Amino acid sequence: MHQHELRRQQAHADAAAKAAASIGGRVRTAQAAPIRTATLVAVLAAGLATAVFLGDGMGPGLLLAALPAMVAAYVSARAAGRTARPWTVLWALGCVALLAVPALRDSAWPSTLAVLAAVLLAALALHGSRRWPGVLLSPLGFLSTAVSGVVWAWAGVRARAGGAGRERWLPVAKASVVAVGLLLVFGALFASADAAFADLLGDLAPDVSVGEGPLRILLFLFGAVLALAGARTAAAPHRWDRIEVAPGKARLRVEWGLPLIVLNLLFAGFIAVQVAVLFGGYDKVLESTGLTYAEYARQGFWQLLWATVFVLGVIALALRWAPRGTVGDRRFVRVVLGVLCLLTLVVVASAVRRMDLYVDAYGLTRLRLSVVTVELWLGLVIVLLMAAGVAGGRWLARAVVGSAAVTVLAFGLVSPDGVIAQSNVTRYREEGKIDLAYARDLSADAAPALDRLPEPQRSCALIGIRDELRDGGRGGARWYATSLGEYRAREILRERPVTVSLSECRSLGTPTPAR
């Protein structure tokens, strides 16, 4: 019987050792300390803010809803004894800046990118990841902590439901109920007594109807669970950096270097042709290839964009199997990959130039602006790779993420729809050509630029924005759901309304086909 018990204990110990050796065991941390009361209050505030501010759309309300969740995470981190490191502060500030983009821009696409980038930075700030496994996997940690966070919070609520804990929270709850009742009673009295005060309350208070009840409840739960996930992560983060990725088997110089040297020669030949085209002129190239001006620029850009992406994959695989036995091997790797990076930068410049030619011929659109931004960011990643080859790459993963976040932030701050509208307005002034049908599909961010068009083109371009705002826009004119771009568009249309109908605009601004 005693031997059987020993064998059972040994089996349990072996199982525990295997679990610890597994990826999940290495990543998982110790149990989180009991949840603080301040964290529970912040989570409740996050849920209420989400239900109140996000029911009518994004805008400043998104940042207002996120602030209590940030407070919950901060309180949990401090309770766990964690200190803020420089990178953590940088990620947190970047997250706040990205969440401010929806408050500035009416367009959904830069705002969506900003929110996704903010989630990534929040994951890095809470987990403290530094290496590539942590950078790539940190956002997945929110999936598990969303579940464990609810269990964590429920245990804290049950612990406070009786005994000495009840004596602390019950007076606060009673006082809160009385305060809310006083606000409702006297607020209603003052609103009925003064029309100006009633109008102020109407602008500040959210418009919540009975029919929106289920939506508001779902938003409350969503905001509270997200806040709990962040707080639980801050209290006991996953250690994604413990995941070890073993390097590949080092290859001989000839086996490793020959394919890359051939690739470098191919890149050099392509660049030589580009230089010849630059000095020989595009007319000669178009005559010899039979391509139109647009086909040459458009097709060339997409191929070069994919070439840049593939080069990054080639470099990642090459580093995995690079020879590294001697100092000479490492120097050889740096030289070969450094040359490839330099040649790729020239390819990036060629791709951007081709897109510039295409935009000159047919105007700027969302797709064209987006892909050229991606190409420029890929060029920046190439530069970071070159710097890592010289100074070491321990910082590379965080630098790549930081560059992506800065690119997304800059993309939102410059107002993409505004840039597109301004480019097309300038093209109309110089060439007399504009696609008014495309302009009507732009967001309210484009209104200041489109307002500079002469009539009737101005009204035809703004009529789509007017109709969208007339239907309520994204925020229904509520301050917490109204972006700066929407506010400016409303002011422009209020001062200078649209003067033509859509039927009168159909013969104007016929788009030039992109051949």
# chains A, B, ... in the order shown; residues from 1 in each chain; ligands from 1

$ residues_around --residues "Arg251 of chain A" --least-positions-apart "3" --cutoff "9 Å" --atoms "only C-alpha atoms" --output "PyMOL selection string"
chain A and resi 248+254-256+321-324

$ write_last_selection --atoms "N, CA and C atoms" --output "tab-separated table (two decimals), in the first residue's frame"
chain	number	residue	atom	x	y	z
A	248	GLY	N	18.07	27.35	-36.41
A	248	GLY	CA	18.25	26.25	-37.34
A	248	GLY	C	19.70	25.81	-37.43
A	254	VAL	N	29.13	28.39	-48.61
A	254	VAL	CA	28.72	28.22	-50.01
A	254	VAL	C	27.25	27.85	-50.10
A	255	GLU	N	26.84	26.91	-49.28
A	255	GLU	CA	25.45	26.46	-49.31
A	255	GLU	C	24.50	27.58	-48.93
A	256	TRP	N	24.91	28.41	-47.99
A	256	TRP	CA	24.04	29.49	-47.53
A	256	TRP	C	24.14	30.72	-48.43
A	321	TRP	N	19.31	29.97	-40.63
A	321	TRP	CA	20.29	28.95	-41.03
A	321	TRP	C	21.65	29.55	-41.41
A	322	ALA	N	21.91	30.74	-40.93
A	322	ALA	CA	23.16	31.41	-41.30
A	322	ALA	C	24.36	30.73	-40.63
A	323	PRO	N	25.51	30.71	-41.31
A	323	PRO	CA	26.74	30.22	-40.66
A	323	PRO	C	27.17	31.18	-39.56
A	324	ARG	N	27.51	30.68	-38.40
A	324	ARG	CA	27.83	31.55	-37.27
A	324	ARG	C	28.94	30.97	-36.40

$ residues_around --residues "Leu64 of chain A" --least-positions-apart "3" --cutoff "12 Å" --atoms "only C-alpha atoms" --output "list in words"
Ala45, Ala46, Gly47, Leu48, Ala49, Thr50, Ala51, Val52, Phe53, Leu54, Met58, Gly59, Pro60, Gly61, Leu67, Pro68, Ala69, Met70, Val71, Val96, Leu99, Ala100, Pro102, Ala103, Gly223, Trp479, Tyr480 and Ala481 of chain A

$ closest_residue --among "A:Ala79, A:Val406, A:Leu137, A:Leu442" --to "Arg239 of chain A" --atoms "only C-alpha atoms"
A:Leu137

$ residues_around --residues "Glu486 of chain A" --least-positions-apart "3" --cutoff "8 Å" --atoms "only C-alpha atoms" --output "VMD selection string"
chain A and resid 105 to 106 444 to 445 469 473 482 to 483 489 to 490

$ residues_around --residues "segment 80-86 of chain A" --least-positions-apart "2" --cutoff "8 Å" --atoms "only C-alpha atoms" --output "NGL selection string"
:A and (32-33 or 76-78 or 88-90 or 234-236)

$ write_last_selection --atoms "N, CA and C atoms" --output "JSON list (two decimals), in the first residue's frame"
[["chain", "number", "residue", "atom", "x", "y", "z"],
["A", 32, "ALA", "N", -2.61, 34.94, -9.27],
["A", 32, "ALA", "CA", -2.70, 36.36, -8.96],
["A", 32, "ALA", "C", -3.19, 36.57, -7.54],
["A", 33, "ALA", "N", -2.75, 37.66, -6.93],
["A", 33, "ALA", "CA", -3.21, 38.02, -5.60],
["A", 33, "ALA", "C", -4.69, 38.39, -5.66],
["A", 76, "SER", "N", -3.88, 47.02, -10.33],
["A", 76, "SER", "CA", -3.50, 45.61, -10.20],
["A", 76, "SER", "C", -2.00, 45.42, -10.31],
["A", 77, "ALA", "N", -1.37, 46.14, -11.22],
["A", 77, "ALA", "CA", 0.08, 46.03, -11.38],
["A", 77, "ALA", "C", 0.81, 46.52, -10.14],
["A", 78, "ARG", "N", 0.35, 47.63, -9.58],
["A", 78, "ARG", "CA", 0.99, 48.13, -8.36],
["A", 78, "ARG", "C", 0.79, 47.18, -7.19],
["A", 88, "THR", "N", 7.43, 50.08, -20.99],
["A", 88, "THR", "CA", 6.03, 49.97, -20.58],
["A", 88, "THR", "C", 5.33, 51.33, -20.65],
["A", 89, "VAL", "N", 6.01, 52.36, -20.17],
["A", 89, "VAL", "CA", 5.44, 53.72, -20.25],
["A", 89, "VAL", "C", 5.25, 54.13, -21.70],
["A", 90, "LEU", "N", 6.22, 53.80, -22.54],
["A", 90, "LEU", "CA", 6.12, 54.15, -23.96],
["A", 90, "LEU", "C", 4.93, 53.46, -24.62],
["A", 234, "ALA", "N", -2.30, 42.37, -15.80],
["A", 234, "ALA", "CA", -1.35, 43.21, -15.07],
["A", 234, "ALA", "C", -0.96, 42.58, -13.74],
["A", 235, "ALA", "N", -1.91, 41.85, -13.11],
["A", 235, "ALA", "CA", -1.62, 41.23, -11.82],
["A", 235, "ALA", "C", -0.70, 40.02, -11.95],
["A", 236, "ALA", "N", -0.87, 39.24, -13.01],
["A", 236, "ALA", "CA", -0.06, 38.03, -13.21],
["A", 236, "ALA", "C", 0.08, 37.79, -14.71]]

$ residues_around --residues "segment 34-43 of chain A" --least-positions-apart "4" --cutoff "6 Å" --atoms "only C-alpha atoms" --output "list in words"
Pro68, Ala72, Gly156, Ala224 and Ala227 of chain A

$ write_last_selection --atoms "N, CA, C and O atoms" --output "PDB file, in the first residue's frame"
ATOM      1  N   PRO A  68     -10.946  54.094 -17.440  1.00  0.00           N
ATOM      2  CA  PRO A  68     -11.129  53.278 -16.225  1.00  0.00           C
ATOM      3  C   PRO A  68     -10.461  51.906 -16.324  1.00  0.00           C
ATOM      4  O   PRO A  68      -9.958  51.397 -15.313  1.00  0.00           O
ATOM      5  N   ALA A  72      -7.742  50.308 -13.752  1.00  0.00           N
ATOM      6  CA  ALA A  72      -7.829  48.966 -13.163  1.00  0.00           C
ATOM      7  C   ALA A  72      -6.535  48.196 -13.359  1.00  0.00           C
ATOM      8  O   ALA A  72      -6.040  47.532 -12.429  1.00  0.00           O
ATOM      9  N   GLY A 156     -13.304  37.744  -5.637  1.00  0.00           N
ATOM     10  CA  GLY A 156     -13.161  38.948  -4.829  1.00  0.00           C
ATOM     11  C   GLY A 156     -14.492  39.474  -4.325  1.00  0.00           C
ATOM     12  O   GLY A 156     -14.599  39.949  -3.190  1.00  0.00           O
ATOM     13  N   ALA A 224     -16.660  45.601 -19.137  1.00  0.00           N
ATOM     14  CA  ALA A 224     -16.205  45.070 -17.849  1.00  0.00           C
ATOM     15  C   ALA A 224     -15.273  43.879 -18.036  1.00  0.00           C
ATOM     16  O   ALA A 224     -14.247  43.763 -17.345  1.00  0.00           O
ATOM     17  N   ALA A 227     -11.902  45.098 -19.222  1.00  0.00           N
ATOM     18  CA  ALA A 227     -11.161  45.694 -18.115  1.00  0.00           C
ATOM     19  C   ALA A 227     -10.623  44.635 -17.164  1.00  0.00           C
ATOM     20  O   ALA A 227      -9.489  44.734 -16.667  1.00  0.00           O
TER      21      ALA A 227
END

$ residues_around --residues "Glu491 of chain A" --least-positions-apart "3" --cutoff "12 Å" --atoms "only C-alpha atoms" --output "list in words"
Ala444, Ala447, Pro448, Asp451, Arg466, Leu469, Ala477, Leu484, Gly485, Glu486, Tyr487, Arg488, Arg494, Glu495, Arg496 and Pro497 of chain A

$ write_last_selection --atoms "N, CA and C atoms" --output "tab-separated table (two decimals), in the first residue's frame"
chain	number	residue	atom	x	y	z
A	444	ALA	N	-16.48	62.51	-43.53
A	444	ALA	CA	-16.56	63.93	-43.18
A	444	ALA	C	-15.18	64.56	-43.03
A	447	ALA	N	-14.29	67.06	-45.80
A	447	ALA	CA	-15.10	68.25	-46.03
A	447	ALA	C	-14.29	69.54	-46.16
A	448	PRO	N	-13.28	69.81	-45.29
A	448	PRO	CA	-12.54	71.06	-45.45
A	448	PRO	C	-11.85	71.20	-46.81
A	451	ASP	N	-14.51	71.61	-49.63
A	451	ASP	CA	-15.17	72.91	-49.54
A	451	ASP	C	-14.46	73.97	-50.40
A	466	ARG	N	-23.16	65.36	-46.53
A	466	ARG	CA	-24.37	65.96	-45.98
A	466	ARG	C	-25.43	64.91	-45.68
A	469	LEU	N	-24.45	62.86	-42.55
A	469	LEU	CA	-24.63	63.61	-41.31
A	469	LEU	C	-26.10	63.88	-41.03
A	477	ALA	N	-24.50	63.41	-33.49
A	477	ALA	CA	-24.23	64.74	-32.94
A	477	ALA	C	-24.03	64.72	-31.43
A	484	LEU	N	-13.75	65.14	-34.32
A	484	LEU	CA	-13.42	66.49	-34.76
A	484	LEU	C	-13.72	66.66	-36.24
A	485	GLY	N	-13.46	65.62	-37.04
A	485	GLY	CA	-13.77	65.70	-38.46
A	485	GLY	C	-15.25	65.88	-38.72
A	486	GLU	N	-16.09	65.17	-37.98
A	486	GLU	CA	-17.54	65.32	-38.15
A	486	GLU	C	-17.99	66.70	-37.71
A	487	TYR	N	-17.43	67.20	-36.62
A	487	TYR	CA	-17.81	68.53	-36.13
A	487	TYR	C	-17.48	69.60	-37.16
A	488	ARG	N	-16.29	69.52	-37.75
A	488	ARG	CA	-15.90	70.50	-38.76
A	488	ARG	C	-16.81	70.42	-39.98
A	494	ARG	N	-23.27	73.89	-42.29
A	494	ARG	CA	-24.20	74.84	-41.68
A	494	ARG	C	-23.98	76.25	-42.23
A	495	GLU	N	-22.69	76.62	-42.42
A	495	GLU	CA	-22.39	77.96	-42.93
A	495	GLU	C	-22.61	78.07	-44.44
A	496	ARG	N	-22.29	76.99	-45.16
A	496	ARG	CA	-22.43	77.01	-46.63
A	496	ARG	C	-23.11	75.71	-47.07
A	497	PRO	N	-24.43	75.68	-47.05
A	497	PRO	CA	-25.15	74.43	-47.37
A	497	PRO	C	-24.94	74.00	-48.82

$ closest_residue --among "A:Gly432, A:Arg320, A:Ala229, A:Gly313" --to "Pro247 of chain A" --atoms "only C-alpha atoms"
A:Arg320

$ closest_residue --among "A:Val336, A:Leu305, A:Leu226, A:Ala153" --to "Ala123 of chain A" --atoms "only C-alpha atoms"
A:Leu226

$ residues_around --residues "Val311 of chain A" --least-positions-apart "4" --cutoff "10 Å" --atoms "only C-alpha atoms" --output "JSON, numbers by chain"
{"A": [263, 306, 307, 315, 316, 317, 340, 341, 344, 382]}

$ closest_residue --among "A:Val374, A:Val347, A:Leu62, A:Leu124" --to "Phe411 of chain A" --atoms "only C-alpha atoms"
A:Val374

$ atom_distance --atom1 "atom CA of Asp56 of chain A" --atom2 "atom CA of Ala437 of chain A"
28.0 Å

$ select_by_dssp --residues "segment 212-275 of chain A" --states "helix (DSSP H, G or I)" --output "PyMOL selection string"
chain A and resi 212-235+240-242+253-275

$ write_last_selection --atoms "C-alpha atoms" --output "mmCIF file, in the first residue's frame"
data_model
loop_
_atom_site.group_PDB
_atom_site.id
_atom_site.type_symbol
_atom_site.label_atom_id
_atom_site.label_comp_id
_atom_site.auth_asym_id
_atom_site.auth_seq_id
_atom_site.Cartn_x
_atom_site.Cartn_y
_atom_site.Cartn_z
ATOM 1 C CA GLU A 212 -31.446 50.087 -26.531
ATOM 2 C CA GLY A 213 -31.413 48.261 -23.216
ATOM 3 C CA PRO A 214 -30.078 44.922 -24.520
ATOM 4 C CA LEU A 215 -27.338 46.686 -26.503
ATOM 5 C CA ARG A 216 -26.276 48.728 -23.484
ATOM 6 C CA ILE A 217 -26.193 45.617 -21.287
ATOM 7 C CA LEU A 218 -23.991 43.821 -23.811
ATOM 8 C CA LEU A 219 -21.695 46.846 -24.006
ATOM 9 C CA PHE A 220 -21.479 46.945 -20.203
ATOM 10 C CA LEU A 221 -20.487 43.292 -20.054
ATOM 11 C CA PHE A 222 -18.030 43.737 -22.919
ATOM 12 C CA GLY A 223 -16.326 46.713 -21.272
ATOM 13 C CA ALA A 224 -16.205 45.070 -17.849
ATOM 14 C CA VAL A 225 -14.750 41.812 -19.208
ATOM 15 C CA LEU A 226 -12.107 43.688 -21.200
ATOM 16 C CA ALA A 227 -11.161 45.694 -18.115
ATOM 17 C CA LEU A 228 -10.948 42.493 -16.074
ATOM 18 C CA ALA A 229 -8.762 40.894 -18.734
ATOM 19 C CA GLY A 230 -6.366 43.829 -18.584
ATOM 20 C CA ALA A 231 -6.333 43.938 -14.785
ATOM 21 C CA ARG A 232 -5.809 40.177 -14.478
ATOM 22 C CA THR A 233 -2.971 40.359 -16.994
ATOM 23 C CA ALA A 234 -1.353 43.206 -15.072
ATOM 24 C CA ALA A 235 -1.617 41.232 -11.823
ATOM 25 C CA TRP A 240 5.748 34.780 -23.420
ATOM 26 C CA ASP A 241 9.462 35.542 -23.595
ATOM 27 C CA ARG A 242 10.148 32.186 -21.930
ATOM 28 C CA ARG A 253 29.117 29.522 -46.468
ATOM 29 C CA VAL A 254 28.724 28.224 -50.008
ATOM 30 C CA GLU A 255 25.455 26.460 -49.305
ATOM 31 C CA TRP A 256 24.040 29.488 -47.527
ATOM 32 C CA GLY A 257 25.572 32.332 -49.486
ATOM 33 C CA LEU A 258 25.269 31.213 -53.127
ATOM 34 C CA PRO A 259 21.464 31.625 -53.418
ATOM 35 C CA LEU A 260 21.589 35.001 -51.703
ATOM 36 C CA ILE A 261 24.456 36.279 -53.863
ATOM 37 C CA VAL A 262 22.530 35.250 -56.976
ATOM 38 C CA LEU A 263 19.499 37.091 -55.608
ATOM 39 C CA ASN A 264 21.632 40.175 -54.991
ATOM 40 C CA LEU A 265 22.854 40.066 -58.599
ATOM 41 C CA LEU A 266 19.262 39.847 -59.819
ATOM 42 C CA PHE A 267 18.304 42.862 -57.721
ATOM 43 C CA ALA A 268 21.330 44.762 -59.026
ATOM 44 C CA GLY A 269 20.338 43.981 -62.620
ATOM 45 C CA PHE A 270 16.795 45.207 -62.025
ATOM 46 C CA ILE A 271 18.079 48.423 -60.473
ATOM 47 C CA ALA A 272 20.422 48.957 -63.440
ATOM 48 C CA VAL A 273 17.432 48.732 -65.769
ATOM 49 C CA GLN A 274 15.572 51.272 -63.602
ATOM 50 C CA VAL A 275 18.492 53.680 -63.889
#

$ closest_residue --among "A:Leu409, A:Ser423, A:Thr499, A:Arg366" --to "Cys95 of chain A" --atoms "only C-alpha atoms"
A:Leu409

$ atom_distance --atom1 "atom CA of Ser144 of chain A" --atom2 "atom CA of Thr407 of chain A"
29.3 Å
